[in-house]
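Notes to accompany the following structure.
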Amino acid sequence: MDRDSLDLNGLSRSFVKNSVIISHAGVDQSFSVYQHALVSHFSRSPLVWKINNKPFPHRLTLPLKFVPYEEKLCFGPQISATEITKIAFLHVFNINVTSADDYRQNVRHNVSDWFAKLNSKSDIQWIIVINTNRAKDRKTKAAIMEKIKADFGKYTNRLFELPDTSDQTAFVAFVQGIQQFLFTHLTLVMEIWDKSLKHQYEKRKQHTWEPFAYFSSMTEYARVFWSFGAIEYAMSIFDDLEKLLHEFVLRSGEQDSPKWLAQILNTKIEDRPTLIGNFSVQRIQKNEAHYLGMKNYLLCQQIIMSIHLYQQKMKSNDAAPSLRSDCAVGIMQRALITIESVKEFNNLMNNKRDIPMTCCWTWWTVSESFSICQLLCDVSHLNVAPVVLARLHLARFDAIFVLAKQLKLNPEDAIQLSEWLKIKPITLESKVLNGAIESKDQMCIEMEKAHDVCVSSLNHANRHRFVLNITHQLFSFLRSNNAKCPLQKLSVSKSLLKTMPTQESTARMLKSLCSEHLESDSITEEMLSLLFFISQCENGKDSKINEKLIEKCRKKAKEDEKAIEIQSISITEEEMITVKIENFEAIQNTDSILEIRSIIDSKLGFALEKVEVELIFSGDSTGSIAQESNLSVLSLQHERKENICRLVSELKLKSQQTTSNEENSSLKFTISSEIPSLLSGENQISFRTDITKIGCFVLEKVRISTEFIEYSTCNVQTRRPPTLYCIATPHSVTVMNETQHFFAGVLQNLEIDVEAKCDIPRGTPLEIEPSTPNFQFLDEENKWVDSRKMTLEPFKSNEKRRIQVKVWLKIDSSICESAAVQRRSTLSPTFSGIPVRKFYQNHSGVRHRIFHQNTL
Amino acid sequence: MFTFCSLDIVDEKASKATEMYLGQLYNDQKWRSFGFITNTGVRMILVLDSTSAASLKDQEIRLIFKRFHGHYCNTISNPFYEIGTPMQSKWFDDGIKELYSINE
């Protein structure tokens, strides 16, 4: 059998059943008719076998085989347990006579001889079948039977009369009789066999124990039940045998460990065991008595048994839809157990000699078991057992990796291994491995191939850490061979980094794994995350890594034309920068200076230069605790047009208002401070700003940014809620002589009273603008200007000052048209750089109305 | 890397585990790892060299984990200890040394 001609039926047929031998003697012309009927009946009807008065848990179908009588087919005390299957279960003598005389003259002496031979042996099951269809009448038939019964008076229950082929009653009685005798023999044989196995098992801890004899007997024992259709029972025997061997290996380190383990170790692997090559092997040979050989044989048997079980279940009406994939998974699991137990044996027994051969065997065992499973379903897309699939691929990668390492350590093994691989039948895998052994480049190629397949299956099984491990192993090997590492195969995703502990050993591991990758020009987000994570693991100790990170961030920001958010490259959920704000004066007025001191604790591990820190306050008053928690809050709304009230969800209102808020920037208040560098650890930063807006502002977030990197946080530590109430204080500016008449062409004084209602700690600009272009003011340099600007000295609270400004009204044609005197002058002084208030003189010139701009 | 890989198997086994001890996780030619996960999800991994691991019985490994868990609980009970930070405790170090000496 080879890989190309592999098919389920072929595999299934490779198991040759142990037959239930029935010897027959005497005239067999008429008995041949019954033989076919019996074979057909016993192979199709599962029977209940009672052993020790208890029914055996599985029904048996007996594959009968009729052979001519021979003395060697008789049971005897000299027969060993393994030869039990070679003896006849039942001996049949056929008598077909016309009359009693015919019997006496022609048959009787033959029966006597046959009986005498059987009687000399112990525990023989026999029957005599008397075919009386040739007798003329009933009387003759009765006479024949009477004569025979007289000869075998003690054994009348062993005499079966078959008067006619159409006599159903006689045939049923005959079948039942045969069944009874077959089971009697089976019980007897199995009791002896059980006893023998038990006896052998009890001696397992003795140094002289022969593991191969026990193994061979046990496998034969299982194969008998397998032949009789009790496949599940046979499977359990194979599994137990496997466990037993494995247990011995596990306990090999103990003091009372038997010496026979070492004997197994001493048996050299001279053959080249493969699955496909061993399927047709019915009995394991003595020269395969090494651990690998026994395990390989066991696996072969288990695979064929799994296929038999699959075919048996497939025929039944209640076959599960997943039967094919279940069978494939079962085969893969058994292959995995076998491979791991062989690896364990070599490890624990310190068997370095067989490691290269075991690696090669693992390599093709994985491939061959996949090929077999492929006959059932597509294993590459098997979703039911991705872990098993991944572990098998991992075993294959490990095998080639260990083999390469081993050959590097002991190059002299290569010749011996190459010879071993040339043992026929040569397979595709043996050729590939031979090529890899002979050339390092080929070894690298094969390892890369195994790596790629393994990575895909490991990712499918969510074993992402293993992916990193095997890539590390591959890169180590390639580096040691001065081969180029395929960097595209290195996948250090953010999700994978999240699973790593933030510690120095992780940084060392990553630096070793990604040494080439870190040197590359890549500025992907993955690369930035990797560098940032390494820096975090080392707490910024490696300045080279920090420099690389900053350089790559700068490049990336330039390319994207926006600063990189630290959160986007950070691996942990932890706050990288924490902000603590000390107490500040919460109530401010529009002319005061706000001072806030803060402590910024950076956990970045490296310093940031030219940093701008912004405290962003929001005046959005619609946010409530309930809304922040996304709870449903209803608000009563009055609709003016329809004059009705509605309950409206505040979430809806908020979304409506958010859009309007963005348009209205007056609800945002930002205080910023620039610092030359933000060091790792605590940094004290002071903020100082003028209050230019009024309203209630809550600290929304703190933004820390450089030209290429930024970080925003809402988590600000304060002792009080970081709320700022900016109120407007109504300073008054009054033109005292506004009621007087202004004459054109005459220099006159304009008297303005300025009163500060609170402290104005700095110089404040005052701007006086005329409402008509006819007015002109005399400035400090004695020049006439259209608007007068001056700076007032700082004010104390409630301080009042009078300012005198020289003004004249130009003479022009519009004035001349009407009265010489113009009384419609309107002045608009602006205070504190912003038009705090606006006043105008009405046409009557009697009263002033003062409006606060923000109340308009 | 070996310990790191074992975490994948801890994740796999933790979802199906009925007890805190997870058994053997992974082994290679040199090492063998065993896992333990507490009820609060703290993962503990014991790495032994292959030959030592073979000589230790399952019950002994369980006992090591049980004691280690006890020491861990005592250490994190310190109100000044911050969860997630490296453990710097004399009692913890002494406990682990004692654990080593018993198993040697």
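Just so we're on the same page: first chain in the structure tokens is A, next is B, and so on; residues restart at 1 for each chain, and ligands are numbered from 1 in the order they show up.
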
Hey, which bits of chain A sit within 8 Å of chain B, and for each residue what's the closest pair of atoms and how far apart in Å (one decimal), counting only C-alpha atoms, rows by chain and increasing number, as CSV?
residue,atom,partner,partner_atom,distance
A:Leu250,CA,B:Ala54,CA,6.2
A:Arg251,CA,B:Ala54,CA,6.9
A:Gly253,CA,B:Ser55,CA,5.8
A:Glu254,CA,B:Ser55,CA,6.4
A:Asn347,CA,B:Gln29,CA,6.0
A:Leu348,CA,B:Thr51,CA,6.4
A:Asn462,CA,B:Asp8,CA,7.9
A:Arg463,CA,B:Asp8,CA,5.6
A:His464,CA,B:Asp8,CA,7.4
A:Arg465,CA,B:Cys5,CA,5.1
A:Phe466,CA,B:Cys5,CA,5.2
A:Asn469,CA,B:Met1,CA,6.1
A:Met500,CA,B:Phe4,CA,7.6
A:Met509,CA,B:Met1,CA,7.3

Just want the 8 Å neighbourhood of B:Val47, counted on only C-alpha atoms, with same-chain residues fewer than 5 positions away dropped. Output as a PyMOL selection string. chain B and resi 3+31-34

Next, write the just-selected residues to a file, as a PDB file, in the first residue's frame, keeping C-alpha atoms as the atom set.
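Final output, saved to part-v1.pdb:
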ATOM      1  CA  THR B   3       6.615  29.594  30.264  1.00  0.00           C
ATOM      2  CA  TRP B  31      11.341  21.361  30.635  1.00  0.00           C
ATOM      3  CA  ARG B  32       7.900  20.480  31.821  1.00  0.00           C
ATOM      4  CA  SER B  33       5.316  22.973  33.017  1.00  0.00           C
ATOM      5  CA  PHE B  34       2.361  22.576  35.356  1.00  0.00           C
TER       6      PHE B  34
END

The distance between atom CA of A:Phe606 and atom CA of A:Val579 is 17.0 Å

What residues in stretch 683-817 of chain A get the DSSP label strand (DSSP E)? Please answer as a PyMOL selection string. chain A and resi 683-690+695-705+709-713+716-718+723-727+732-735+742-743+748-755+764-770+775-778+784-785+788-792+800-809

Atom CA of A:Glu83 to atom CA of A:Glu220, distance in Å rounded to a single decimal: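 Atom CA of A:Glu83 sits 9.6 Å away from atom CA of A:Glu220.
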
- Task: Would you list the contacts of A:Leu594 as a PyMOL selection string, taking every protein, DNA or RNA residue within 8 Å and counting only C-alpha atoms, but skipping same-chain residues closer than 5 positions in sequence?
- Result: chain A and resi 585+588+687-691

Could you turn the residues from that selection into a file that holds C-alpha atoms, as a short mmCIF file (atom, residue, chain, number, x, y, z; two decimals), in the first residue's frame?
data_model
loop_
_atom_site.label_atom_id
_atom_site.label_comp_id
_atom_site.auth_asym_id
_atom_site.auth_seq_id
_atom_site.Cartn_x
_atom_site.Cartn_y
_atom_site.Cartn_z
CA GLU A 585 -9.85 79.53 43.13
CA GLN A 588 -13.20 83.83 38.83
CA PHE A 687 -1.00 77.26 34.44
CA ARG A 688 -1.76 80.95 34.28
CA THR A 689 -4.39 82.56 32.14
CA ASP A 690 -6.79 85.47 31.84
CA ILE A 691 -10.45 84.74 32.17
#

Residue with the minimum atom-to-atom distance to A:Tyr201, picked from A:Ile127, A:Cys714, A:Ala414, A:Met218 with only C-alpha atoms counted, is A:Met218

*asked:* So that I can check the surroundings of stretch 533-537 of chain A, please list as a PyMOL selection string every protein, DNA and RNA residue that reaches within 6 Å of it, counting only C-alpha atoms and ignoring chain neighbours fewer than 6 positions away.
replied: chain A and resi 502-504+507

Output C-alpha atoms of each residue in that selection to a file, as a compact mmCIF listing (two decimals), in the first residue's frame.
# COMPACT_ATOMS: atom_id res chain seq x y z
CA THR A 502 5.20 43.87 31.51
CA GLN A 503 8.59 42.89 32.82
CA GLU A 504 12.23 43.04 31.77
CA ALA A 507 11.58 42.88 26.77

Computed interatomic separation between atom CA of A:Phe42 and atom CA of A:Arg158 (Å):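 Computed distance, atom CA of A:Phe42 to atom CA of A:Arg158, equals 19.2 Å.
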
Exercise for review: Determine the nearest neighbour of B:Asp49 from the options B:Lys16, B:Tyr26, B:Ile96, B:Trp91, counting only C-alpha atoms.
Suggested key: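 For B:Asp49, the nearest of the given residues is B:Tyr26.
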
>> When you look at A:Cys553 with a cut-off of 8 Å (counting only C-alpha atoms), what residues show up, excluding the ones that are within fewer than 3 positions of it in the same chain? I need them as number ranges by chain.
In response: A: 523, 528, 549-550, 556-557, 564, 708-709

So that I have them on file, write out the residues from the current selection with C-alpha atoms, as a PDB file, in the first residue's frame.
ATOM      1  CA  ILE A 523       6.550  52.589  10.947  1.00  0.00           C
ATOM      2  CA  LEU A 528       5.201  51.407  17.296  1.00  0.00           C
ATOM      3  CA  LEU A 549      10.325  54.932  19.194  1.00  0.00           C
ATOM      4  CA  ILE A 550      10.483  58.725  19.115  1.00  0.00           C
ATOM      5  CA  LYS A 556       4.579  58.351  11.302  1.00  0.00           C
ATOM      6  CA  ALA A 557       3.071  61.664  12.457  1.00  0.00           C
ATOM      7  CA  ILE A 564       0.044  59.843  17.292  1.00  0.00           C
ATOM      8  CA  PHE A 708       4.269  64.155  16.951  1.00  0.00           C
ATOM      9  CA  ILE A 709       2.687  62.541  19.949  1.00  0.00           C
TER      10      ILE A 709
END
